[in-house]
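Content type compact mmCIF, C-alpha atoms, from the file coords_12.txt:
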# COMPACT_ATOMS: atom_id res chain seq x y z
CA MET T 1 0.00 0.00 0.00
CA LYS T 2 1.25 3.41 -0.97
CA PRO T 3 1.22 6.17 1.65
CA LEU T 4 -1.32 8.87 0.91
CA PHE T 5 0.96 11.64 2.06
CA LYS T 6 4.60 11.35 1.16
CA SER T 7 5.85 13.68 3.83
CA LYS T 8 4.78 15.10 7.11
CA ILE T 9 4.81 18.58 5.63
CA SER T 10 2.15 17.72 3.09
CA LEU T 11 0.04 16.14 5.88
CA TRP T 12 0.27 19.26 7.99
CA ALA T 13 -0.45 21.50 5.02
CA SER T 14 -3.59 19.47 4.24
CA VAL T 15 -4.79 19.67 7.87
CA LEU T 16 -4.12 23.40 7.97
CA ALA T 17 -5.99 23.93 4.68
CA LEU T 18 -8.93 21.91 6.04
CA VAL T 19 -9.02 24.00 9.26
CA VAL T 20 -8.90 27.24 7.25
CA VAL T 21 -11.76 26.08 4.96
CA ILE T 22 -13.91 25.01 7.97
CA GLY T 23 -13.15 28.29 9.81
CA ILE T 24 -14.08 30.44 6.80
CA GLY T 25 -17.28 28.41 6.26
CA ALA T 26 -18.33 28.72 9.91
CA THR T 27 -17.60 32.47 9.93
CA LEU T 28 -19.64 33.02 6.77
CA ALA T 29 -22.49 30.94 8.21
CA LEU T 30 -22.53 33.02 11.42
CA MET T 31 -22.43 36.27 9.47
CA ALA T 32 -25.26 35.18 7.20
CA SER T 33 -27.63 33.95 9.95
CA PRO T 34 -30.23 36.55 10.95
CA SER T 35 -30.31 37.78 14.52
CA ASN T 36 -33.60 38.44 16.26
CA SER T 37 -33.52 41.82 17.92
CA VAL T 38 -35.34 42.39 21.19
CA THR T 39 -37.26 45.62 21.62
CA ASN T 40 -38.07 46.75 25.15
CA SER T 41 -40.98 49.16 25.30
CA PHE T 42 -41.42 51.39 28.31
CA SER T 43 -44.16 53.84 29.13
CA ALA T 44 -44.61 56.21 32.00
CA ALA T 45 -47.24 55.50 34.63
CA ASP T 46 -50.50 57.27 33.94
CA ILE T 47 -53.29 57.65 36.48
CA ASP T 48 -56.56 59.33 35.59
CA THR T 49 -59.18 59.08 38.33
CA GLU T 50 -62.46 60.91 38.77
CA ILE T 51 -65.34 61.01 41.20
CA GLU T 52 -68.61 59.46 40.07
CA GLU T 53 -71.80 60.55 41.83
CA ASN T 54 -75.34 59.33 41.69
CA ILE T 55 -77.65 61.79 43.44
CA ALA T 56 -81.36 61.05 43.74
CA GLU T 57 -83.92 61.55 46.54
CA GLY T 58 -81.48 62.09 49.39
CA ASN T 59 -79.07 59.44 48.17
CA LYS T 60 -75.58 60.59 47.37
CA GLU T 61 -73.66 57.59 46.13
CA VAL T 62 -70.02 58.51 45.61
CA SER T 63 -67.28 56.31 44.15
CA ILE T 64 -64.00 56.88 42.31
CA LYS T 65 -63.15 55.41 38.90
CA ASN T 66 -59.70 54.89 37.38
CA HIS T 67 -59.66 55.72 33.67
CA GLY T 68 -55.86 55.57 33.34
CA PRO T 69 -53.87 52.50 32.29
CA SER T 70 -51.91 52.26 35.58
CA ASP T 71 -53.15 50.74 38.84
CA ALA T 72 -53.95 53.32 41.51
CA TYR T 73 -54.53 53.80 45.21
CA VAL T 74 -57.11 56.46 46.10
CA ARG T 75 -58.08 58.48 49.13
CA ALA T 76 -60.88 60.97 49.67
CA ARG T 77 -61.84 63.74 52.05
CA ILE T 78 -65.46 64.66 52.84
CA MET T 79 -66.09 68.36 53.39
CA VAL T 80 -69.43 69.76 54.54
CA SER T 81 -70.31 73.45 54.34
CA GLY T 82 -73.34 75.41 55.49
CA VAL T 83 -73.57 73.70 58.89
CA ASN T 84 -71.48 73.75 62.07
CA PRO T 85 -68.93 70.90 62.08
CA GLU T 86 -70.22 69.68 65.46
CA ASN T 87 -73.61 69.11 63.77
CA VAL T 88 -72.17 66.64 61.24
CA GLU T 89 -71.97 62.93 62.00
CA ILE T 90 -70.46 60.28 59.77
CA VAL T 91 -72.21 56.99 60.44
CA SER T 92 -71.95 53.45 59.08
CA GLN T 93 -75.69 52.94 58.70
CA GLU T 94 -78.74 55.13 58.32
CA PRO T 95 -80.00 56.25 61.74
CA ALA T 96 -83.51 55.31 62.80
CA LYS T 97 -85.97 58.19 62.43
CA GLU T 98 -86.59 58.40 66.17
CA THR T 99 -82.84 58.88 66.87
CA VAL T 100 -82.23 61.63 64.28
CA ASP T 101 -81.25 64.90 65.95
CA PRO T 102 -83.22 67.75 64.29
CA ASN T 103 -80.07 69.91 63.93
CA THR T 104 -77.66 67.25 62.65
CA VAL T 105 -76.53 66.16 59.19
CA TYR T 106 -75.79 62.43 58.95
CA LEU T 107 -73.43 61.22 56.23
CA VAL T 108 -73.99 57.49 55.78
CA MET T 109 -70.83 55.62 54.76
CA ALA T 110 -71.49 52.87 52.24
CA ASN T 111 -68.46 50.65 52.89
CA PRO T 112 -66.71 51.55 56.15
CA GLU T 113 -64.63 48.36 55.97
CA LEU T 114 -63.10 49.47 52.63
CA TRP T 115 -62.88 53.22 53.25
CA VAL T 116 -60.94 53.74 56.49
CA GLN T 117 -59.28 56.57 58.36
CA ASP T 118 -55.99 56.25 60.18
CA THR T 119 -57.23 56.80 63.73
CA ASN T 120 -53.82 55.83 65.16
CA ALA T 121 -51.92 58.62 63.39
CA GLN T 122 -50.37 61.36 65.52
CA GLU T 123 -51.58 63.95 63.00
CA GLN T 124 -55.14 63.32 61.78
CA ASP T 125 -55.32 63.98 58.03
CA ASP T 126 -59.12 63.53 57.62
CA PHE T 127 -58.67 61.30 54.58
CA TYR T 128 -60.52 58.07 54.00
CA TYR T 129 -58.17 55.56 52.39
CA TYR T 130 -59.61 53.00 49.99
CA LEU T 131 -58.26 49.55 50.82
CA GLY T 132 -58.15 48.28 47.28
CA VAL T 133 -56.19 48.69 44.08
CA LEU T 134 -58.09 50.30 41.21
CA ALA T 135 -57.09 48.79 37.87
CA LYS T 136 -57.92 50.41 34.53
CA ASP T 137 -61.66 51.16 34.17
CA GLN T 138 -62.33 49.86 37.68
CA LYS T 139 -64.52 51.71 40.15
CA SER T 140 -64.12 51.78 43.93
CA ALA T 141 -66.82 50.68 46.29
CA ASN T 142 -69.06 53.59 47.25
CA LEU T 143 -67.69 55.99 49.84
CA LEU T 144 -71.04 57.60 50.67
CA GLU T 145 -74.48 56.13 50.38
CA LYS T 146 -76.85 58.76 51.68
CA VAL T 147 -77.19 62.16 53.36
CA VAL T 148 -79.82 62.39 56.10
CA LEU T 149 -80.86 65.84 57.31
CA GLY T 150 -82.43 66.59 60.67
CA SER T 151 -85.93 68.07 60.57
CA ASN T 152 -84.69 71.64 61.35
CA LEU T 153 -82.30 71.50 58.37
CA GLN T 154 -84.72 70.72 55.59
CA GLY T 155 -85.80 74.27 54.73
CA GLU T 156 -84.93 76.01 51.49
CA ASP T 157 -82.69 78.58 53.22
CA PHE T 158 -80.52 75.82 54.66
CA LEU T 159 -80.41 73.81 51.42
CA ASN T 160 -79.22 76.87 49.47
CA THR T 161 -76.07 77.13 51.63
CA PHE T 162 -75.49 73.45 52.41
CA SER T 163 -73.13 71.27 50.36
CA VAL T 164 -71.19 68.01 50.67
CA THR T 165 -67.95 68.12 48.68
CA ILE T 166 -65.73 65.12 48.03
CA TYR T 167 -62.06 65.77 47.30
CA HIS T 168 -59.90 62.87 46.16
CA GLU T 169 -56.29 62.08 45.33
CA SER T 170 -54.67 59.10 43.65
CA VAL T 171 -51.17 57.67 43.39
CA LEU T 172 -49.53 54.84 41.49
CA ALA T 173 -50.11 51.45 43.12
CA ILE T 174 -46.78 49.69 42.73
CA ASN T 175 -47.56 47.04 45.30
CA LYS T 176 -50.77 45.04 44.88
CA LYS T 177 -51.13 44.93 48.66
CA ALA T 178 -53.86 47.27 49.89
CA ASP T 179 -53.79 47.51 53.66
CA LEU T 180 -53.91 50.88 55.40
CA ALA T 181 -50.16 51.07 56.07
CA THR T 182 -49.23 50.31 52.44
CA VAL T 183 -51.76 52.70 50.91
CA LYS T 184 -50.91 55.53 53.30
CA ALA T 185 -47.17 55.01 52.74
CA ALA T 186 -47.70 55.31 48.96
CA PHE T 187 -49.34 58.72 49.46
CA GLU T 188 -46.61 59.86 51.86
CA ALA T 189 -43.91 58.81 49.39
CA ALA T 190 -45.61 60.80 46.63
CA GLN T 191 -45.55 64.06 48.64
CA PRO T 192 -42.85 66.55 47.62
CA ASN T 193 -40.12 67.18 50.16
CA PRO T 194 -40.42 70.56 51.93
structure tokens encoding of this file:
Amino acid sequence: MKPLFKSKISLWASVLALVVVIGIGATLALMASPSNSVTNSFSAADIDTEIEENIAEGNKEVSIKNHGPSDAYVRARIMVSGVNPENVEIVSQEPAKETVDPNTVYLVMANPELWVQDTNAQEQDDFYYYLGVLAKDQKSANLLEKVVLGSNLQGEDFLNTFSVTIYHESVLAINKKADLATVKAAFEAAQPNP
């Protein structure tokens, strides 16, 4: 049998030529293969909340709706004008007719377990915090259900000066947890530094 390669030099030259051909082929294959690019899309948080009211025959149903694409925490403050503050009571259920004080306005809370105040705070802020996360197009449970006026407060003169105003604020809900401490902390973190 005749040797295929007559010298070691020709053997090494053949191996080197083979390595060069394989290397060039692999490089061209890598350069020709398409790469799939990854696009990361980011958008800023956007919260758009508004108060929704349904007022009919003494009922004043008040809730807050999130129209924005981002989840939100909300809080609300109830302000009453036209009557002395000591003549306003916020109650969890409609008082019986025989217990209604003739000089008192009763604001009946609809969901006192979902709308809570921080009674343990050193500084009372008068806000009711909603213990839920409002997703896009979601509405909170009602804050108020009804306004009950004492018999001495039902005249036209009183009704012309009397009003119940709801003020609300909303912040981005980063955490899906919605207990009082988490919701209140989100609002405190959103406040500008003095």
- Can you list, as a ChimeraX atom specification, every protein, DNA or RNA residue that comes within 7 Å of Asp48 of chain T when you count all atoms listed in the file, leaving out same-chain residues fewer than 6 positions away? /T:66-68
Write a file of the selected residues as a compact mmCIF listing (two decimals), keeping the file's coordinate frame, keeping C-alpha atoms.
# COMPACT_ATOMS: atom_id res chain seq x y z
CA ASN T 66 -59.70 54.89 37.38
CA HIS T 67 -59.66 55.72 33.67
CA GLY T 68 -55.86 55.57 33.34
Quick one: residues within 8 Å of segment 81-92 of chain T, all atoms listed in the file, excluding same-chain residues fewer than 2 positions away - as a PDB file with C-alpha atoms, in the coordinates of the input?
ATOM      1  CA  MET T  79     -66.090  68.360  53.390  1.00  0.00           C
ATOM      2  CA  GLU T  94     -78.740  55.130  58.320  1.00  0.00           C
ATOM      3  CA  PRO T  95     -80.000  56.250  61.740  1.00  0.00           C
ATOM      4  CA  ASN T 103     -80.070  69.910  63.930  1.00  0.00           C
ATOM      5  CA  THR T 104     -77.660  67.250  62.650  1.00  0.00           C
ATOM      6  CA  VAL T 105     -76.530  66.160  59.190  1.00  0.00           C
ATOM      7  CA  TYR T 106     -75.790  62.430  58.950  1.00  0.00           C
ATOM      8  CA  LEU T 107     -73.430  61.220  56.230  1.00  0.00           C
ATOM      9  CA  VAL T 108     -73.990  57.490  55.780  1.00  0.00           C
ATOM     10  CA  MET T 109     -70.830  55.620  54.760  1.00  0.00           C
ATOM     11  CA  ALA T 110     -71.490  52.870  52.240  1.00  0.00           C
ATOM     12  CA  ASN T 111     -68.460  50.650  52.890  1.00  0.00           C
ATOM     13  CA  PRO T 112     -66.710  51.550  56.150  1.00  0.00           C
ATOM     14  CA  PHE T 158     -80.520  75.820  54.660  1.00  0.00           C
ATOM     15  CA  THR T 161     -76.070  77.130  51.630  1.00  0.00           C
ATOM     16  CA  PHE T 162     -75.490  73.450  52.410  1.00  0.00           C
ATOM     17  CA  SER T 163     -73.130  71.270  50.360  1.00  0.00           C
ATOM     18  CA  VAL T 164     -71.190  68.010  50.670  1.00  0.00           C
TER      19      VAL T 164
END
- Query: For the atom pair atom CA of Lys97 of chain T and atom CA of Ser151 of chain T, what is the interatomic distance in Å to one decimal place?
  - Reply: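 Pair atom CA of Lys97 of chain T / atom CA of Ser151 of chain T returns 10.1 Å.
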- Message: Just to confirm, what's the straight-line distance from atom CA of Gln138 of chain T to atom CA of Ala76 of chain T in Å (one decimal)?
- Response: 16.4 Å
- Just the residues within 9 Å of segment 116-120 of chain T, please, counting all atoms listed in the file, with nothing from its chain fewer than 4 positions along; format it as an NGL selection string. :T and (111-112 or 124-131 or 180-181 or 184)
- Hey, can you check how far atom CA of Ser140 of chain T sits from atom CA of Ala72 of chain T?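 Calculated distance between atom CA of Ser140 of chain T and atom CA of Ala72 of chain T is 10.6 Å.
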Assuming 3 Å of padding per side, give the centre and edge lengths of the axis-aligned box around every listed atom of segment 72-84 of chain T, in Å to one decimal and as lines of an AutoDock Vina configuration file.
center_x = -63.8
center_y = 64.4
center_z = 51.8
size_x = 25.6
size_y = 28.1
size_z = 26.6
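For Val183 of chain T, the set of protein, DNA and RNA residues having any atom at most 10 Å away, when counting only C-alpha atoms and skipping those fewer than 6 positions along the same chain, is Ala72, Tyr73, Val74, Arg75, Tyr129, Tyr130, Leu131, Gly132, Val133, Val171, Leu172, Ala173, Asn175, Lys176 and Lys177 of chain T.
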- Task: Name the closest residue to Glu61 of chain T among the candidates T:Gln191, T:Asn142, T:Thr182, T:Asn160; distances are taken between atoms, counting all atoms listed in the file.
- Result: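 Going through T:Gln191, T:Asn142, T:Thr182, T:Asn160 one by one, the smallest distance to Glu61 of chain T is for T:Asn142.
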- Message: Measuring between only C-alpha atoms, which one of T:Ser70, T:Gln154, T:Thr27, T:Ser37 shows the shortest distance to Thr49 of chain T?
- Response: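 Checking each of T:Ser70, T:Gln154, T:Thr27, T:Ser37 against Thr49 of chain T, counting only C-alpha atoms, the winner is T:Ser70.
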- Message: Could you check the closest approach to Gln93 of chain T for each of T:Asp71, T:Val148, T:Ala141, T:Lys65 and tell me which residue wins, using only C-alpha atoms?
- Response: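 Counting only C-alpha atoms, the residue closest to Gln93 of chain T is T:Val148.
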